[in-house]
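Undergrad: Contents of coords_39.txt (compact mmCIF, C-alpha atoms) are below:
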```
# COMPACT_ATOMS: atom_id res chain seq x y z
CA MET Y 1017 -66.27 16.62 -17.62
CA LYS Y 1018 -68.09 15.33 -14.56
CA HIS Y 1019 -67.12 11.78 -15.53
CA LEU Y 1020 -63.44 12.70 -15.43
CA ALA Y 1021 -63.47 13.62 -11.75
CA PRO Y 1022 -63.55 10.02 -10.40
CA LEU Y 1023 -60.83 9.00 -12.88
CA LEU Y 1024 -58.55 11.86 -11.90
CA ALA Y 1025 -59.10 11.07 -8.25
CA MET Y 1026 -58.10 7.46 -8.82
CA LEU Y 1027 -54.96 8.45 -10.75
CA ALA Y 1028 -53.93 10.73 -7.92
CA VAL Y 1029 -53.52 7.79 -5.53
CA ILE Y 1030 -51.57 5.57 -7.96
CA PRO Y 1031 -47.81 5.88 -7.22
CA ILE Y 1032 -45.67 7.07 -10.10
CA ALA Y 1033 -43.09 4.42 -11.01
CA GLU Y 1034 -39.50 5.42 -10.25
CA SER Y 1035 -37.15 5.67 -13.23
CA HIS Y 1036 -34.97 2.60 -13.52
CA ALA Y 1037 -31.27 2.94 -12.91
CA ALA Y 1038 -29.01 1.98 -15.78
CA ILE Y 1039 -26.15 -0.40 -16.42
CA THR Y 1040 -24.45 -0.14 -19.80
CA VAL Y 1041 -22.64 -3.16 -21.23
CA THR Y 1042 -20.94 -2.67 -24.60
CA TYR Y 1043 -18.51 -4.73 -26.65
CA ASN Y 1044 -16.36 -2.62 -28.98
CA GLY Y 1045 -15.84 -5.31 -31.60
CA SER Y 1046 -12.09 -5.61 -31.00
CA GLY Y 1047 -11.71 -7.38 -27.68
CA ARG Y 1048 -12.91 -4.94 -25.00
CA LEU Y 1049 -16.11 -5.18 -22.97
CA SER Y 1050 -17.05 -1.97 -21.14
CA VAL Y 1051 -19.45 -1.95 -18.20
CA SER Y 1052 -20.66 1.18 -16.39
CA THR Y 1053 -23.28 1.77 -13.71
CA THR Y 1054 -25.09 4.78 -12.27
CA ASP Y 1055 -26.85 3.65 -9.09
CA GLY Y 1056 -25.15 0.71 -7.40
CA GLU Y 1057 -26.11 -1.96 -9.95
CA PRO Y 1058 -24.22 -5.25 -9.72
CA CYS Y 1059 -21.93 -6.53 -12.45
CA VAL Y 1060 -21.87 -10.32 -12.52
CA VAL Y 1061 -20.07 -11.88 -15.47
CA SER Y 1062 -20.99 -15.47 -16.31
CA LEU Y 1063 -20.74 -17.99 -19.12
CA ASP Y 1064 -24.09 -19.43 -20.23
CA ALA Y 1065 -24.50 -21.88 -23.11
CA GLY Y 1066 -21.24 -20.71 -24.65
CA PHE Y 1067 -21.94 -16.96 -24.44
CA VAL Y 1068 -20.75 -14.22 -22.10
CA LYS Y 1069 -23.49 -12.75 -19.93
CA VAL Y 1070 -23.55 -9.75 -17.61
CA ASN Y 1071 -26.24 -10.01 -14.94
CA GLY Y 1072 -27.70 -12.90 -16.96
CA ALA Y 1073 -28.09 -10.92 -20.20
CA ASP Y 1074 -26.16 -10.39 -23.43
CA PRO Y 1075 -24.20 -7.14 -23.78
CA ASP Y 1076 -26.16 -4.25 -25.25
CA SER Y 1077 -24.15 -4.71 -28.42
CA GLY Y 1078 -25.28 -8.35 -28.88
CA ALA Y 1079 -24.18 -11.90 -28.15
CA LEU Y 1080 -20.51 -12.36 -27.22
CA THR Y 1081 -18.38 -15.52 -27.21
CA PRO Y 1082 -15.66 -15.88 -24.54
CA ASP Y 1083 -12.84 -16.27 -27.06
CA ALA Y 1084 -13.59 -12.77 -28.40
CA LEU Y 1085 -13.10 -11.14 -25.01
CA GLU Y 1086 -9.60 -9.81 -24.29
CA THR Y 1087 -10.13 -7.01 -21.74
CA LEU Y 1088 -12.92 -5.75 -19.49
CA THR Y 1089 -13.32 -2.31 -17.95
CA PHE Y 1090 -15.78 -1.58 -15.17
CA SER Y 1091 -16.71 1.97 -14.11
CA GLY Y 1092 -18.83 2.11 -10.97
CA ASP Y 1093 -20.64 4.88 -9.14
CA ASP Y 1094 -20.86 6.32 -5.64
CA ALA Y 1095 -23.33 3.67 -4.46
CA SER Y 1096 -22.28 0.17 -3.40
CA ASN Y 1097 -21.50 -2.07 -6.37
CA MET Y 1098 -21.04 -5.82 -6.35
CA ILE Y 1099 -18.60 -6.80 -9.11
CA ASP Y 1100 -18.12 -10.52 -9.74
CA LEU Y 1101 -15.58 -11.40 -12.43
CA SER Y 1102 -14.62 -14.77 -10.97
CA ALA Y 1103 -16.06 -16.66 -13.96
CA ILE Y 1104 -13.29 -15.18 -16.13
CA THR Y 1105 -10.62 -17.88 -16.07
CA SER Y 1106 -7.86 -18.84 -18.48
CA ALA Y 1107 -9.63 -22.12 -19.22
CA ASP Y 1108 -12.90 -20.53 -20.36
CA PHE Y 1109 -11.59 -17.18 -21.68
CA PRO Y 1110 -8.47 -18.19 -23.65
CA ASN Y 1111 -7.62 -14.71 -24.98
CA PHE Y 1112 -8.42 -12.65 -21.91
CA THR Y 1113 -5.56 -10.57 -20.49
CA GLN Y 1114 -6.72 -7.73 -18.22
CA ALA Y 1115 -9.65 -6.51 -16.14
CA THR Y 1116 -9.59 -2.85 -15.09
CA ILE Y 1117 -11.94 -1.96 -12.23
CA THR Y 1118 -12.74 1.58 -11.08
CA ALA Y 1119 -15.38 1.15 -8.42
CA SER Y 1120 -15.60 4.80 -7.28
CA GLY Y 1121 -17.38 5.52 -3.97
CA GLY Y 1122 -19.57 3.27 -1.84
CA ASP Y 1123 -18.89 0.06 0.04
CA ASP Y 1124 -18.06 -2.09 -2.96
CA THR Y 1125 -17.41 -5.83 -3.27
CA LEU Y 1126 -15.11 -7.27 -5.93
CA LEU Y 1127 -14.37 -10.83 -6.96
CA CYS Y 1128 -11.42 -10.50 -9.33
CA SER Y 1129 -10.94 -12.29 -12.60
CA GLY Y 1130 -8.62 -15.26 -12.48
CA LEU Y 1131 -6.07 -13.39 -14.61
CA SER Y 1132 -4.54 -9.93 -14.32
CA ASN Y 1133 -6.48 -7.08 -12.69
CA THR Y 1134 -5.94 -3.36 -12.16
CA ILE Y 1135 -8.07 -2.24 -9.23
CA ASP Y 1136 -9.12 1.16 -7.92
CA MET Y 1137 -11.87 0.63 -5.35
CA GLY Y 1138 -12.15 4.31 -4.42
CA ALA Y 1139 -13.64 5.64 -1.20
CA GLY Y 1140 -15.66 3.44 1.14
CA SER Y 1141 -15.16 0.20 3.06
CA ASP Y 1142 -14.48 -2.25 0.26
CA THR Y 1143 -14.06 -6.03 0.08
CA VAL Y 1144 -11.86 -7.75 -2.52
CA THR Y 1145 -11.44 -11.50 -2.96
CA ASN Y 1146 -10.42 -14.07 -5.58
CA PHE Y 1147 -7.19 -12.32 -6.56
CA GLY Y 1148 -6.30 -15.11 -8.97
CA SER Y 1149 -2.97 -16.18 -10.43
CA GLY Y 1150 -2.13 -13.16 -12.60
CA PHE Y 1151 -0.67 -9.75 -11.82
CA VAL Y 1152 -2.84 -7.42 -9.73
CA LEU Y 1153 -2.13 -3.69 -9.40
CA TYR Y 1154 -4.14 -2.37 -6.46
CA ASP Y 1155 -4.39 1.43 -6.27
CA TRP Y 1156 -5.01 3.12 -2.93
CA THR Y 1157 -5.18 6.91 -2.94
CA SER Y 1158 -5.41 9.66 -0.37
CA GLY Y 1159 -9.11 9.93 0.48
CA ASP Y 1160 -9.94 6.26 -0.10
CA GLY Y 1161 -10.54 5.64 3.61
CA THR Y 1162 -9.36 2.79 5.83
CA GLU Y 1163 -9.41 -0.72 4.39
CA SER Y 1164 -8.33 -4.24 5.23
CA ILE Y 1165 -7.60 -6.52 2.26
CA VAL Y 1166 -6.52 -10.17 2.08
CA ASN Y 1167 -4.74 -11.52 -0.97
CA ASP Y 1168 -6.10 -15.04 -1.38
CA GLY Y 1169 -4.49 -15.84 -4.74
CA PRO Y 1170 -1.15 -17.25 -5.89
CA GLY Y 1171 -0.32 -14.37 -8.25
CA ILE Y 1172 1.64 -11.15 -7.84
CA VAL Y 1173 -0.21 -8.36 -6.02
CA ARG Y 1174 1.31 -4.89 -5.92
CA LEU Y 1175 -0.13 -2.13 -3.75
CA ARG Y 1176 0.43 1.25 -5.40
CA PHE Y 1177 -0.06 4.17 -3.03
CA GLN Y 1178 -1.00 7.33 -4.89
CA GLY Y 1179 0.10 10.30 -2.82
CA SER Y 1180 -1.39 13.77 -2.87
CA THR Y 1181 0.27 17.00 -4.00
CA GLY Y 1182 0.55 18.02 -0.35
CA ALA Y 1183 2.93 16.94 2.38
CA ASP Y 1184 2.14 13.24 2.74
CA GLN Y 1185 3.27 11.58 5.96
CA ILE Y 1186 3.49 7.83 5.34
CA THR Y 1187 4.22 5.17 7.94
CA LEU Y 1188 4.99 1.58 6.90
CA SER Y 1189 4.74 -1.24 9.41
CA SER Y 1190 4.09 -4.96 9.67
CA PRO Y 1191 1.81 -5.61 12.66
CA ALA Y 1192 1.55 -9.36 11.99
CA GLU Y 1193 3.13 -12.08 9.88
CA ASN Y 1194 2.69 -11.40 6.15
CA VAL Y 1195 0.72 -8.19 6.80
CA LEU Y 1196 1.70 -4.76 5.52
CA GLN Y 1197 0.08 -1.68 7.00
CA LEU Y 1198 0.44 1.64 5.21
CA THR Y 1199 -0.82 4.65 7.16
CA ASN Y 1200 -1.29 8.07 5.64
CA ASP Y 1201 -0.96 10.26 8.71
CA LEU Y 1202 -1.91 13.34 6.68
CA LEU Y 1203 -5.53 12.10 6.53
CA GLY Y 1204 -5.53 9.49 9.30
CA GLU Y 1205 -6.22 6.66 6.83
CA SER Y 1206 -4.60 3.26 6.56
CA ILE Y 1207 -4.70 0.12 4.49
CA SER Y 1208 -3.82 -3.29 5.89
CA PHE Y 1209 -2.89 -5.85 3.24
CA GLU Y 1210 -2.32 -9.52 4.01
CA ASN Y 1211 -0.13 -11.63 1.70
CA LEU Y 1212 0.88 -8.65 -0.39
CA THR Y 1213 3.68 -9.29 -2.89
CA ASP Y 1214 5.24 -5.84 -3.17
CA LEU Y 1215 4.71 -2.11 -2.71
CA ALA Y 1216 5.06 0.93 -4.99
CA LEU Y 1217 4.88 4.50 -3.67
CA GLN Y 1218 3.90 7.25 -6.12
CA MET Y 1219 4.64 10.27 -3.94
CA ASN Y 1220 3.94 13.06 -6.46
CA ASP Y 1221 4.70 16.67 -5.45
CA GLY Y 1222 5.02 18.12 -1.97
CA ASP Y 1223 7.47 17.67 0.88
CA ASP Y 1224 6.79 14.04 1.74
CA VAL Y 1225 8.04 11.82 4.56
CA VAL Y 1226 8.11 8.02 4.57
CA GLU Y 1227 8.95 6.21 7.81
CA ALA Y 1228 9.38 2.44 7.78
CA GLY Y 1229 9.46 0.25 10.85
CA ASP Y 1230 10.57 -3.38 11.02
CA MET Y 1231 9.33 -4.85 7.73
CA SER Y 1232 10.80 -8.33 8.13
CA PRO Y 1233 7.44 -10.03 9.00
CA VAL Y 1234 6.18 -9.12 5.52
CA ASN Y 1235 8.63 -11.66 4.04
CA TRP Y 1236 8.98 -10.01 0.65
CA GLY Y 1237 11.60 -10.88 -1.88
CA THR Y 1238 11.23 -7.59 -3.76
CA GLU Y 1239 12.21 -4.02 -3.00
CA ILE Y 1240 9.89 -1.11 -2.36
CA LEU Y 1241 9.57 1.04 -5.49
CA CYS Y 1242 9.28 4.78 -4.89
CA ASN Y 1243 8.64 7.29 -7.68
CA LYS Y 1244 8.88 10.96 -6.82
CA SER Y 1245 7.55 13.76 -9.04
CA GLY Y 1246 8.86 16.86 -7.26
CA GLY Y 1247 9.47 18.52 -3.94
CA SER Y 1248 11.39 16.61 -1.28
CA LEU Y 1249 11.30 13.12 0.13
CA ASP Y 1250 12.74 11.98 3.45
CA TYR Y 1251 12.86 8.20 3.79
CA ASP Y 1252 13.58 6.93 7.28
CA GLY Y 1253 13.82 3.17 7.63
CA PRO Y 1254 16.82 2.26 9.77
CA ASP Y 1255 15.08 -0.90 11.03
CA SER Y 1256 13.01 -1.69 7.95
CA ASN Y 1257 15.08 -4.66 6.69
CA GLN Y 1258 13.61 -3.79 3.32
CA ALA Y 1259 15.38 -2.67 0.16
CA VAL Y 1260 14.08 0.50 -1.49
CA ALA Y 1261 14.60 1.70 -5.07
CA PHE Y 1262 13.95 5.37 -5.82
CA PHE Y 1263 12.93 6.55 -9.29
CA LEU Y 1264 12.73 10.23 -10.17
CA ASN Y 1265 11.06 11.52 -13.30
CA GLY Y 1266 13.04 14.69 -13.95
CA ALA Y 1267 11.91 16.89 -11.09
CA SER Y 1268 14.22 18.67 -8.66
CA THR Y 1269 14.10 16.42 -5.62
CA ARG Y 1270 15.98 15.86 -2.42
CA ILE Y 1271 16.12 12.35 -0.98
CA SER Y 1272 17.52 11.54 2.44
CA VAL Y 1273 17.95 7.85 3.19
CA THR Y 1274 19.01 6.56 6.58
CA PRO Y 1275 19.28 2.73 6.31
CA ASN Y 1276 22.66 2.89 4.47
CA SER Y 1277 22.05 -0.50 2.88
CA GLY Y 1278 19.88 -1.89 0.16
CA CYS Y 1279 18.77 1.54 -1.14
CA ASP Y 1280 19.16 2.45 -4.78
CA PHE Y 1281 18.82 5.64 -6.81
CA ILE Y 1282 17.89 4.90 -10.42
CA LEU Y 1283 17.52 7.62 -13.03
CA ASN Y 1284 16.30 6.49 -16.45
CA SER Y 1285 16.66 9.16 -19.12
CA LEU Y 1286 16.02 6.94 -22.13
CA PHE Y 1287 13.28 9.08 -23.61
CA ALA Y 1288 14.93 12.49 -23.31
CA PRO Y 1289 14.93 14.22 -26.72
CA THR Y 1290 18.31 15.91 -26.22
CA PRO Y 1291 21.64 14.66 -24.85
CA PHE Y 1292 22.28 14.92 -21.14
CA ASP Y 1293 25.34 16.45 -19.53
CA PHE Y 1294 25.50 14.77 -16.14
CA SER Y 1295 27.59 16.25 -13.33
CA VAL Y 1296 28.07 14.10 -10.22
CA THR Y 1297 29.77 15.82 -7.31
CA LYS Y 1298 29.81 15.87 -3.50
CA SER Y 1299 27.78 18.31 -1.41
CA GLY Y 1300 28.51 17.73 2.26
CA ASP Y 1301 27.23 14.25 3.05
CA ASP Y 1302 25.15 14.17 -0.13
CA VAL Y 1303 25.87 13.05 -3.66
CA ARG Y 1304 24.84 15.85 -6.01
CA VAL Y 1305 23.52 14.70 -9.41
CA ALA Y 1306 22.82 17.64 -11.73
CA TYR Y 1307 21.80 17.96 -15.39
CA GLU Y 1308 19.70 20.12 -17.69
CA PHE Y 1309 16.08 19.14 -18.28
CA ASN Y 1310 13.58 21.24 -20.20
CA SER Y 1311 16.01 24.19 -20.20
CA SER Y 1312 16.41 24.25 -16.43
CA GLU Y 1313 18.84 22.62 -14.03
CA VAL Y 1314 17.67 19.56 -12.13
CA VAL Y 1315 19.48 18.65 -8.91
CA HIS Y 1316 19.15 15.46 -6.90
CA LEU Y 1317 20.78 15.42 -3.46
CA LEU Y 1318 21.24 11.81 -2.36
CA ARG Y 1319 22.35 10.54 1.02
CA GLY Y 1320 23.02 7.10 2.42
CA LEU Y 1321 22.37 5.13 -0.78
CA SER Y 1322 23.93 1.78 -1.65
CA THR Y 1323 23.94 2.16 -5.42
CA ILE Y 1324 23.43 4.91 -7.96
CA ALA Y 1325 22.53 4.07 -11.57
CA LEU Y 1326 22.24 6.67 -14.33
CA SER Y 1327 21.06 5.83 -17.83
CA GLY Y 1328 21.72 8.10 -20.76
CA THR Y 1329 19.70 8.86 -23.86
CA PRO Y 1330 20.00 7.72 -27.50
CA ASN Y 1331 22.06 10.90 -28.02
CA ASP Y 1332 25.69 11.76 -27.27
CA ASP Y 1333 25.69 12.07 -23.47
CA THR Y 1334 28.48 13.22 -21.16
CA PHE Y 1335 29.03 11.94 -17.62
CA THR Y 1336 31.45 13.90 -15.43
CA ILE Y 1337 31.99 12.43 -11.99
CA ALA Y 1338 34.12 13.62 -9.09
CA ASP Y 1339 35.14 11.49 -6.10
CA VAL Y 1340 31.79 10.98 -4.37
CA GLY Y 1341 32.47 7.50 -2.99
CA SER Y 1342 31.95 6.34 0.56
CA GLU Y 1343 31.73 3.13 2.54
CA SER Y 1344 27.93 3.06 2.24
CA LEU Y 1345 27.92 3.68 -1.52
CA GLU Y 1346 28.84 0.35 -3.04
CA SER Y 1347 28.75 1.24 -6.73
CA ILE Y 1348 27.92 3.89 -9.29
CA ARG Y 1349 26.81 2.57 -12.68
CA PHE Y 1350 26.50 4.53 -15.92
CA ASP Y 1351 24.73 3.11 -18.95
CA GLY Y 1352 25.44 5.18 -22.04
CA VAL Y 1353 22.60 3.61 -24.07
CA ASP Y 1354 22.90 4.68 -27.74
CA GLY Y 1355 25.01 7.47 -29.14
CA SER Y 1356 28.68 8.33 -28.72
CA ASP Y 1357 28.96 8.89 -24.98
CA THR Y 1358 31.82 10.22 -22.86
CA MET Y 1359 32.66 9.67 -19.21
CA ASN Y 1360 35.21 11.83 -17.43
CA ALA Y 1361 36.02 10.19 -14.11
CA VAL Y 1362 38.37 9.90 -11.14
CA PHE Y 1363 38.75 7.05 -8.68
CA GLN Y 1364 36.05 6.78 -6.01
CA THR Y 1365 36.82 6.38 -2.30
CA GLY Y 1366 35.70 2.85 -1.42
CA THR Y 1367 33.25 2.70 -4.34
CA THR Y 1368 33.26 0.84 -7.64
CA LEU Y 1369 32.57 2.92 -10.74
CA MET Y 1370 31.13 1.13 -13.79
CA PHE Y 1371 30.67 2.41 -17.33
CA ASP Y 1372 29.26 0.04 -19.91
CA GLU Y 1373 27.22 -0.28 -23.04
CA SER Y 1374 25.74 -3.16 -24.96
CA SER Y 1375 27.98 -4.28 -27.81
CA SER Y 1376 25.02 -4.09 -30.19
CA ARG Y 1377 24.43 -0.35 -29.66
CA PRO Y 1378 25.79 2.17 -32.16
CA GLY Y 1379 28.22 4.94 -31.35
CA VAL Y 1380 31.86 5.32 -30.29
CA ASP Y 1381 32.17 5.74 -26.52
CA THR Y 1382 35.03 7.27 -24.56
CA LEU Y 1383 36.21 6.74 -20.99
CA SER Y 1384 38.74 9.26 -19.69
CA VAL Y 1385 40.16 8.53 -16.24
CA ASP Y 1386 42.29 11.03 -14.33
CA ALA Y 1387 44.40 8.97 -11.93
CA GLU Y 1388 45.45 12.17 -10.10
CA GLY Y 1389 49.04 10.92 -9.70
CA ARG Y 1390 48.18 7.49 -8.28
CA VAL Y 1391 49.70 4.14 -9.14
CA VAL Y 1392 47.21 2.32 -11.37
CA PHE Y 1393 46.97 -1.41 -12.03
CA GLN Y 1394 45.18 -2.26 -15.27
CA THR Y 1395 43.58 -5.46 -16.48
CA ALA Y 1396 41.58 -5.85 -19.68
CA ASN Y 1397 38.47 -4.09 -18.39
CA THR Y 1398 39.42 -2.65 -14.99
CA PHE Y 1399 41.54 0.13 -13.51
CA ALA Y 1400 42.46 -0.28 -9.84
CA THR Y 1401 44.58 1.68 -7.43
CA THR Y 1402 45.68 1.62 -3.81
CA GLY Y 1403 44.99 3.79 -0.79
CA GLY Y 1404 41.35 2.91 -0.17
CA PHE Y 1405 40.09 3.94 -3.58
CA GLY Y 1406 37.76 1.67 -5.50
CA SER Y 1407 38.07 0.35 -9.01
CA ILE Y 1408 36.78 1.59 -12.36
CA GLU Y 1409 35.24 -1.08 -14.57
CA PHE Y 1410 34.27 -0.68 -18.22
CA ASP Y 1411 32.82 -2.83 -20.98
CA ASN Y 1412 32.27 -2.27 -24.71
CA ILE Y 1413 33.96 1.14 -24.54
CA GLU Y 1414 35.87 1.89 -27.75
CA ASN Y 1415 38.23 4.64 -26.49
CA VAL Y 1416 39.83 4.30 -23.04
CA GLN Y 1417 42.23 6.98 -21.79
CA LEU Y 1418 44.25 6.87 -18.55
CA LEU Y 1419 45.74 10.23 -17.61
CA ASN Y 1420 48.20 11.31 -14.88
CA ALA Y 1421 48.90 7.76 -13.68
CA LEU Y 1422 52.07 6.34 -12.14
CA VAL Y 1423 53.16 3.02 -13.60
CA PRO Y 1424 53.46 0.24 -10.97
CA PRO Y 1425 57.17 -0.43 -10.30
CA ASP Y 1426 58.56 -3.78 -11.47
CA ASP Y 1427 60.66 -4.30 -8.32
CA LEU Y 1428 57.76 -4.55 -5.88
CA TRP Y 1429 59.83 -6.76 -3.58
CA LEU Y 1430 62.12 -3.80 -2.81
CA MET Y 1431 59.24 -1.78 -1.35
CA ASP Y 1432 58.49 -1.77 2.37
```
Please re-express this file's structure in structure tokens.
TA:
Amino acid sequence: MKHLAPLLAMLAVIPIAESHAAITVTYNGSGRLSVSTTDGEPCVVSLDAGFVKVNGADPDSGALTPDALETLTFSGDDASNMIDLSAITSADFPNFTQATITASGGDDTLLCSGLSNTIDMGAGSDTVTNFGSGFVLYDWTSGDGTESIVNDGPGIVRLRFQGSTGADQITLSSPAENVLQLTNDLLGESISFENLTDLALQMNDGDDVVEAGDMSPVNWGTEILCNKSGGSLDYDGPDSNQAVAFFLNGASTRISVTPNSGCDFILNSLFAPTPFDFSVTKSGDDVRVAYEFNSSEVVHLLRGLSTIALSGTPNDDTFTIADVGSESLESIRFDGVDGSDTMNAVFQTGTTLMFDESSSRPGVDTLSVDAEGRVVFQTANTFATTGGFGSIEFDNIENVQLLNALVPPDDLWLMD
């Protein structure tokens, strides 16, 4: 035993090797390469002697040729990852379509693939370059911190803000040419994005407020997309010079819009399992759109919109619309989709009402118009009247009924 003492003493001063962090690289055999890290490892994709390498090595699952790779997913960690996908180009990876990056926390660096990318950089001060020529969806969520990103590629780059379930306070501005700044005043965070193509706001629940300043320096050709899950949304952009389209997914929501131009309300009910019974009425200065959804009434109160578009279901839907028109509301469009749909309507003050279906869709549709004692002028697909009321247009409607109308007199020259 006495001979073991010197050996044990020597072992006591030898440092124990730290356990190596791990990166996992796996090909699933049907087009997808998955990469995950645990401690800030880099992920550098390259092409070497005709084979795909990650950090200079084959995937754990074996050698991989570039033509077999269709998608790549990267899942990072809370340390700082360096992700370089710039070697993935259409020339070298002929079947590649999409890279999905979830970088998590840390101050991460990403060089995108040359094709389409979905990016969630997470918290930290991140750097993203090489946006490429495809479509990029860039997610920025409450809690991701303040970032400044430059789009250096020729493709389409959409910033999708993911709101919280609380009362988000969002300010949109353009502090410089081709720069969008989105500030989440709830957390004091902001993202500045240069050469952004368009913006989508996923506002989720809560009583949210979006204020837009002068957006003309951004020079977009597309409208802001805003999806609202529930609660209320006040949009204030009288000087934004930017069109906004609002989508609602079946929650009871109030939207107030102040620009009075270029703002649309679009409700797509295509996937509802039962027919809808839409009721469109006036409530003060608001348009009230109501219907049953999941056995409860859903009400949308809309103010200051330019257009309203409602799509039905593949079932037999009913649209009943009162006079809700105004000078700011340019048109109300109803798409019956499939099924035998019915619209019961009156003329709209200063607003065009449209009811149409594709000629290829099944069903026998009915338009019933109550002229309410007005003189009506009819062409093949349009009813029109006088006194400041708009027209009613229809297309591919099998049954058209005009009720309570006065026939235009033949001797119009006798009238004062």
Undergrad: Using only the atoms of segment 1098-1112 of chain Y listed in the file, plus 8 Å on each side, state the axis-aligned box centre and edge lengths in Å rounded to one decimal, as AutoDock Vina command-line options.
TA:
```
--center_x -14.3 --center_y -14.0 --center_z -15.7 --size_x 29.4 --size_y 32.3 --size_z 34.6
```
Undergrad: What's the separation between atom CA of Arg1176 of chain Y and atom CA of Leu1264 of chain Y, in Å to one decimal place?
TA: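 One can read the atom CA of Arg1176 of chain Y to atom CA of Leu1264 of chain Y distance as 16.0 Å.
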Undergrad: At what distance in Å, to one decimal, does atom CA of Ser1311 of chain Y lie from atom CA of Ile1324 of chain Y?
TA: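 For atom CA of Ile1324 of chain Y relative to atom CA of Ser1311 of chain Y, the distance reads 24.0 Å.
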Undergrad: Find the residues around Gly1355 of chain Y up to 9 Å (all atoms listed in the file counted), leave out those fewer than 5 positions away in its own chain, and share them as a ChimeraX atom specification.
TA: /Y:1329-1333,1377-1381
Undergrad: Those residues you just picked out, can you put them in a file as a short mmCIF file (atom, residue, chain, number, x, y, z; two decimals), keeping the file's coordinate frame with C-alpha atoms?
TA:
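Result file part26.cif:
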```cif
data_model
loop_
_atom_site.label_atom_id
_atom_site.label_comp_id
_atom_site.auth_asym_id
_atom_site.auth_seq_id
_atom_site.Cartn_x
_atom_site.Cartn_y
_atom_site.Cartn_z
CA THR Y 1329 19.70 8.86 -23.86
CA PRO Y 1330 20.00 7.72 -27.50
CA ASN Y 1331 22.06 10.90 -28.02
CA ASP Y 1332 25.69 11.76 -27.27
CA ASP Y 1333 25.69 12.07 -23.47
CA ARG Y 1377 24.43 -0.35 -29.66
CA PRO Y 1378 25.79 2.17 -32.16
CA GLY Y 1379 28.22 4.94 -31.35
CA VAL Y 1380 31.86 5.32 -30.29
CA ASP Y 1381 32.17 5.74 -26.52
#
```
Undergrad: Given the choices Y:Phe1371, Y:Phe1350, Y:Phe1294, Y:Phe1263, which gets closest to Tyr1307 of chain Y if the distance is worked out from all atoms listed in the file?
TA: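 The shortest atom-to-atom distance to Tyr1307 of chain Y comes from Y:Phe1294.
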Undergrad: Point out the residue among Y:Glu1205, Y:Asp1136, Y:Asp1094, Y:Asp1280 with the least atom-to-atom distance to Glu1163 of chain Y, counting only C-alpha atoms.
TA: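 Closest candidate: Y:Glu1205.
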Undergrad: Need the shell around Asp1123 of chain Y: protein/DNA/RNA residues with any atom at most 12 Å away, counting only C-alpha atoms. Skip same-chain ones fewer than 4 positions apart. Format as a count of residues only?
TA: 22
Undergrad: Do a neighbour search on Ser1180 of chain Y at 12 Å with only C-alpha atoms, toss out local chain neighbours closer than 2 positions, and write the hits as a list of chain:residue names.
TA: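 Near Ser1180 of chain Y, the qualifying residues are Y:Trp1156, Y:Thr1157, Y:Ser1158, Y:Gly1159, Y:Asp1160, Y:Phe1177, Y:Gln1178, Y:Gly1182, Y:Ala1183, Y:Asp1184, Y:Gln1185, Y:Ile1186, Y:Asn1200, Y:Leu1202, Y:Leu1203, Y:Leu1217, Y:Gln1218, Y:Met1219, Y:Asn1220, Y:Asp1221, Y:Gly1222, Y:Asp1223, Y:Asp1224, Y:Lys1244, Y:Ser1245, Y:Gly1246, Y:Gly1247.
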Undergrad: Can you work out which one of Y:Asp1293, Y:Glu1373, Y:Asp1302, Y:Asp1252 has the shortest atom-to-atom distance to Val1314 of chain Y, counting all atoms listed in the file?
TA: Y:Asp1293
Undergrad: Can you pull out every residue within 8 Å of Thr1334 of chain Y, counting all atoms listed in the file, but drop anything in the same chain fewer than 3 positions away, and send it as a ChimeraX atom specification?
TA: /Y:1291-1294,1357-1360
Undergrad: Pick the closest to Ala1192 of chain Y from Y:Val1060, Y:Val1234, Y:Leu1215, Y:Ala1288: which is it, counting only C-alpha atoms?
TA: Y:Val1234
Undergrad: Using all atoms listed in the file, which protein or nucleic acid residues come within 12 Å of Ser1062 of chain Y? Drop anything in the same chain fewer than 5 positions from it, and give the result as a VMD selection string.
TA: chain Y and resid 1067 to 1075 1080 to 1082 1099 to 1105 1108 to 1109 1129
Undergrad: Just checking: using all atoms listed in the file, which residue out of Y:Leu1326, Y:Ile1207, Y:Ile1408, Y:Val1061 ends up closest to Phe1363 of chain Y?
TA: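 For Phe1363 of chain Y, the nearest of the given residues is Y:Ile1408.
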